[in-house]
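Accompanying notes for the structure given below.
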Amino acid sequence: MKHCTGRDDVHVVGVGRRRSETVPPDAEFLAGEPIDWPSLIRESRADVLVCALGTTMKAAGSRPQFRAIDHDLVRYVAEGAVAAGITHMIVVSSVGADRQSRSFYLQVKGETEDALARLPLKRLDVLRPSLLRGRRGQSRPLERLGQLTAPAVGALLFHGPLRRYRSIRASDVAKAIVSLAEQPVEGRFVHEFDAIVQAASRK
């Protein structure tokens with residue numbers, strides 16, 4: 001939303017339970033409980049749905065609660081968007097997402113991607129970033145340390161197929177989202193590190 005502030009060619013409408021400090025003061029935001037989100041999405045009259053919903057196992061507290069947010073709620077929002085006539089969705093997933101993964105986190109992410117792929121969307125863009133670098137609303141010391149060391153570690157160790165595990169700036173993911181929102185070609189597209197950087201460079 002910050003990336004789009006002041007632009008005349010794109011209008012972003014946020015939907016969530018409450019307006020957070022990260023939402024620009026002049027941005028349009030529709031607040032309501034999750035049960036109300038489909039009607040708020042319809043009210044937004046949007047052309048593209050961008051979904052960055054997600055939590056951590058620690059914050060969720062249990063596997064069922066994690067699945068309820070990262071799978072069920074994401075699918076619920078997507079179904080609400082389809083009902084509102086939106087045919088293009090962009091979702092932020094995770095590198096390594098795979099319903100066959102031995103990691104519960106990545107398994108749920110993969111199941112979510114598969115559920116979205118079954119919806120009648122004309123275009124689905126799945127972004128699979130690794131560690132996101134940038135400011136966080138919550139203090140996470142170990143994650144902050146990882147953000148500081150990730151660029152150097154990535155440059156030294158992550159080459160070839162491992163490049164997809166390189167950390168990326170959250171601002172570059174935002175730029176890639178805006179760029180992909182303008183793409184007219186129909187289909188399902190998965191974007192990992194190099195593809196996200198390439199899309200971000202167009203904005």
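Letters A, B, ... mark the chains of the structure tokens in the order given; residue numbers begin at 1 per chain; ligand numbers begin at 1, in order shown.
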### Task
Mind checking which residues fall within 10 Å of A:Ile86, counting only C-alpha atoms, ignoring those fewer than 3 positions away in the same chain, and posting them as a PyMOL selection string?
chain A and resi 41-42+45-49+78-83+89+120-123
Generate a file of the selected residues that holds all heavy atoms, formatted as a short mmCIF file (atom, residue, chain, number, x, y, z; two decimals), in the first residue's frame.
data_model
loop_
_atom_site.label_atom_id
_atom_site.label_comp_id
_atom_site.auth_asym_id
_atom_site.auth_seq_id
_atom_site.Cartn_x
_atom_site.Cartn_y
_atom_site.Cartn_z
N ILE A 41 -14.92 -6.97 0.16
CA ILE A 41 -14.21 -7.15 -1.12
C ILE A 41 -15.11 -6.74 -2.27
O ILE A 41 -14.67 -6.07 -3.21
CB ILE A 41 -13.74 -8.61 -1.27
CG1 ILE A 41 -12.62 -8.91 -0.26
CG2 ILE A 41 -13.25 -8.88 -2.69
CD1 ILE A 41 -12.23 -10.38 -0.19
N ARG A 42 -16.37 -7.11 -2.18
CA ARG A 42 -17.32 -6.70 -3.22
C ARG A 42 -17.46 -5.18 -3.24
O ARG A 42 -17.49 -4.56 -4.30
CB ARG A 42 -18.68 -7.36 -2.99
CG ARG A 42 -19.73 -7.01 -4.05
CD ARG A 42 -21.05 -7.70 -3.77
NE ARG A 42 -20.94 -9.14 -3.84
CZ ARG A 42 -20.99 -9.84 -4.97
NH1 ARG A 42 -21.18 -9.21 -6.13
NH2 ARG A 42 -20.89 -11.15 -4.96
N ARG A 45 -14.88 -3.03 -5.21
CA ARG A 45 -14.96 -2.99 -6.67
C ARG A 45 -13.57 -3.19 -7.32
O ARG A 45 -13.24 -2.56 -8.32
CB ARG A 45 -15.58 -1.67 -7.15
CG ARG A 45 -17.00 -1.44 -6.64
CD ARG A 45 -17.58 -0.15 -7.19
NE ARG A 45 -18.91 0.10 -6.68
CZ ARG A 45 -20.04 -0.44 -7.16
NH1 ARG A 45 -19.96 -1.25 -8.19
NH2 ARG A 45 -21.21 -0.16 -6.63
N ALA A 46 -12.80 -4.07 -6.74
CA ALA A 46 -11.43 -4.29 -7.21
C ALA A 46 -11.40 -5.17 -8.46
O ALA A 46 -12.31 -5.95 -8.72
CB ALA A 46 -10.61 -4.93 -6.10
N ASP A 47 -10.33 -5.03 -9.21
CA ASP A 47 -10.09 -5.87 -10.38
C ASP A 47 -9.19 -7.06 -10.03
O ASP A 47 -9.24 -8.10 -10.67
CB ASP A 47 -9.43 -5.06 -11.49
CG ASP A 47 -10.30 -3.92 -11.97
OD1 ASP A 47 -11.48 -4.18 -12.29
OD2 ASP A 47 -9.82 -2.77 -12.02
N VAL A 48 -8.33 -6.86 -9.03
CA VAL A 48 -7.35 -7.87 -8.64
C VAL A 48 -7.37 -8.04 -7.12
O VAL A 48 -7.42 -7.05 -6.39
CB VAL A 48 -5.92 -7.47 -9.08
CG1 VAL A 48 -4.91 -8.56 -8.70
CG2 VAL A 48 -5.87 -7.20 -10.58
N LEU A 49 -7.32 -9.28 -6.66
CA LEU A 49 -7.21 -9.55 -5.23
C LEU A 49 -5.76 -9.88 -4.90
O LEU A 49 -5.17 -10.77 -5.51
CB LEU A 49 -8.09 -10.73 -4.82
CG LEU A 49 -7.88 -11.24 -3.39
CD1 LEU A 49 -8.42 -10.24 -2.38
CD2 LEU A 49 -8.53 -12.60 -3.18
N ALA A 78 -10.47 -15.87 -1.08
CA ALA A 78 -10.42 -16.07 -2.52
C ALA A 78 -11.80 -16.39 -3.08
O ALA A 78 -12.20 -15.87 -4.14
CB ALA A 78 -9.44 -17.19 -2.85
N GLU A 79 -12.55 -17.22 -2.38
CA GLU A 79 -13.90 -17.56 -2.83
C GLU A 79 -14.80 -16.32 -2.80
O GLU A 79 -15.64 -16.14 -3.67
CB GLU A 79 -14.48 -18.67 -1.94
CG GLU A 79 -13.80 -20.01 -2.16
CD GLU A 79 -14.24 -21.06 -1.14
OE1 GLU A 79 -14.83 -20.67 -0.11
OE2 GLU A 79 -13.96 -22.24 -1.37
N GLY A 80 -14.59 -15.46 -1.79
CA GLY A 80 -15.35 -14.22 -1.72
C GLY A 80 -15.03 -13.30 -2.89
O GLY A 80 -15.92 -12.63 -3.43
N ALA A 81 -13.77 -13.28 -3.29
CA ALA A 81 -13.35 -12.45 -4.43
C ALA A 81 -13.97 -12.97 -5.72
O ALA A 81 -14.44 -12.18 -6.55
CB ALA A 81 -11.83 -12.44 -4.53
N VAL A 82 -13.96 -14.29 -5.89
CA VAL A 82 -14.56 -14.88 -7.10
C VAL A 82 -16.05 -14.55 -7.15
O VAL A 82 -16.58 -14.19 -8.21
CB VAL A 82 -14.34 -16.40 -7.12
CG1 VAL A 82 -15.17 -17.05 -8.21
CG2 VAL A 82 -12.86 -16.72 -7.32
N ALA A 83 -16.73 -14.64 -6.02
CA ALA A 83 -18.15 -14.32 -5.95
C ALA A 83 -18.40 -12.85 -6.29
O ALA A 83 -19.47 -12.50 -6.80
CB ALA A 83 -18.71 -14.64 -4.57
N MET A 89 -6.02 -13.17 -9.09
CA MET A 89 -5.57 -13.19 -7.70
C MET A 89 -4.07 -13.32 -7.64
O MET A 89 -3.46 -14.07 -8.41
CB MET A 89 -6.21 -14.36 -6.94
CG MET A 89 -5.74 -14.47 -5.50
SD MET A 89 -6.61 -15.80 -4.61
CE MET A 89 -5.91 -15.60 -2.96
N PRO A 120 -12.28 -20.78 -10.16
CA PRO A 120 -12.44 -20.28 -11.54
C PRO A 120 -11.83 -18.89 -11.74
O PRO A 120 -12.52 -17.94 -12.09
CB PRO A 120 -13.96 -20.27 -11.73
CG PRO A 120 -14.50 -20.02 -10.36
CD PRO A 120 -13.58 -20.76 -9.43
N LEU A 121 -10.53 -18.81 -11.52
CA LEU A 121 -9.80 -17.56 -11.74
C LEU A 121 -9.18 -17.59 -13.14
O LEU A 121 -8.70 -18.64 -13.59
CB LEU A 121 -8.68 -17.40 -10.70
CG LEU A 121 -9.12 -17.20 -9.25
CD1 LEU A 121 -7.96 -17.53 -8.31
CD2 LEU A 121 -9.58 -15.76 -9.03
N LYS A 122 -9.19 -16.46 -13.81
CA LYS A 122 -8.55 -16.41 -15.12
C LYS A 122 -7.03 -16.36 -14.98
O LYS A 122 -6.31 -16.89 -15.82
CB LYS A 122 -9.05 -15.18 -15.89
CG LYS A 122 -10.49 -15.28 -16.34
CD LYS A 122 -10.89 -14.08 -17.17
CE LYS A 122 -12.33 -14.21 -17.67
NZ LYS A 122 -12.75 -13.04 -18.47
N ARG A 123 -6.56 -15.71 -13.90
CA ARG A 123 -5.12 -15.64 -13.68
C ARG A 123 -4.84 -15.77 -12.18
O ARG A 123 -5.50 -15.13 -11.35
CB ARG A 123 -4.53 -14.34 -14.21
CG ARG A 123 -3.01 -14.24 -13.98
CD ARG A 123 -2.38 -12.99 -14.57
NE ARG A 123 -0.98 -12.92 -14.23
CZ ARG A 123 0.03 -13.00 -15.08
NH1 ARG A 123 -0.22 -13.14 -16.36
NH2 ARG A 123 1.29 -12.92 -14.66
#
### Message
Need to verify the contact set: stretch 101-116 of chain A, 12 Å, only C-alpha atoms, exclusion of same-chain residues closer than 5 positions in sequence. Can you return it as a PyMOL selection string?
### Response
chain A and resi 51+53-58+60+62-82+87-96+121-128+130+188-190
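For A:Arg133, the set of protein, DNA and RNA residues having any atom at most 7 Å away, when counting only C-alpha atoms and skipping those fewer than 5 positions along the same chain, is A:Gln147, A:Ser167, A:Ile168, A:Arg169, A:Ala170.
Separating atom CA of A:Arg135 from atom CA of A:Lys175 is a distance of 16.0 Å.
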### Message
Just list as a VMD selection string whatever in stretch 1-200 of chain A DSSP marks as alpha helix (DSSP H).
### Response
chain A and resid 37 to 44 57 to 60 63 to 67 74 to 83 104 to 117 141 to 157 170 to 181 193 to 200
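Secondary structure by DSSP on the backbone puts the following residues of stretch 4-122 of chain A in strand (DSSP E or B): Val13, Gly14, Val15, Gly16, Glu28, Phe29, Leu30, Ala31, Val48, Leu49, Val50, Cys51, His88, Met89, Ile90, Val91 and Val92 of chain A.
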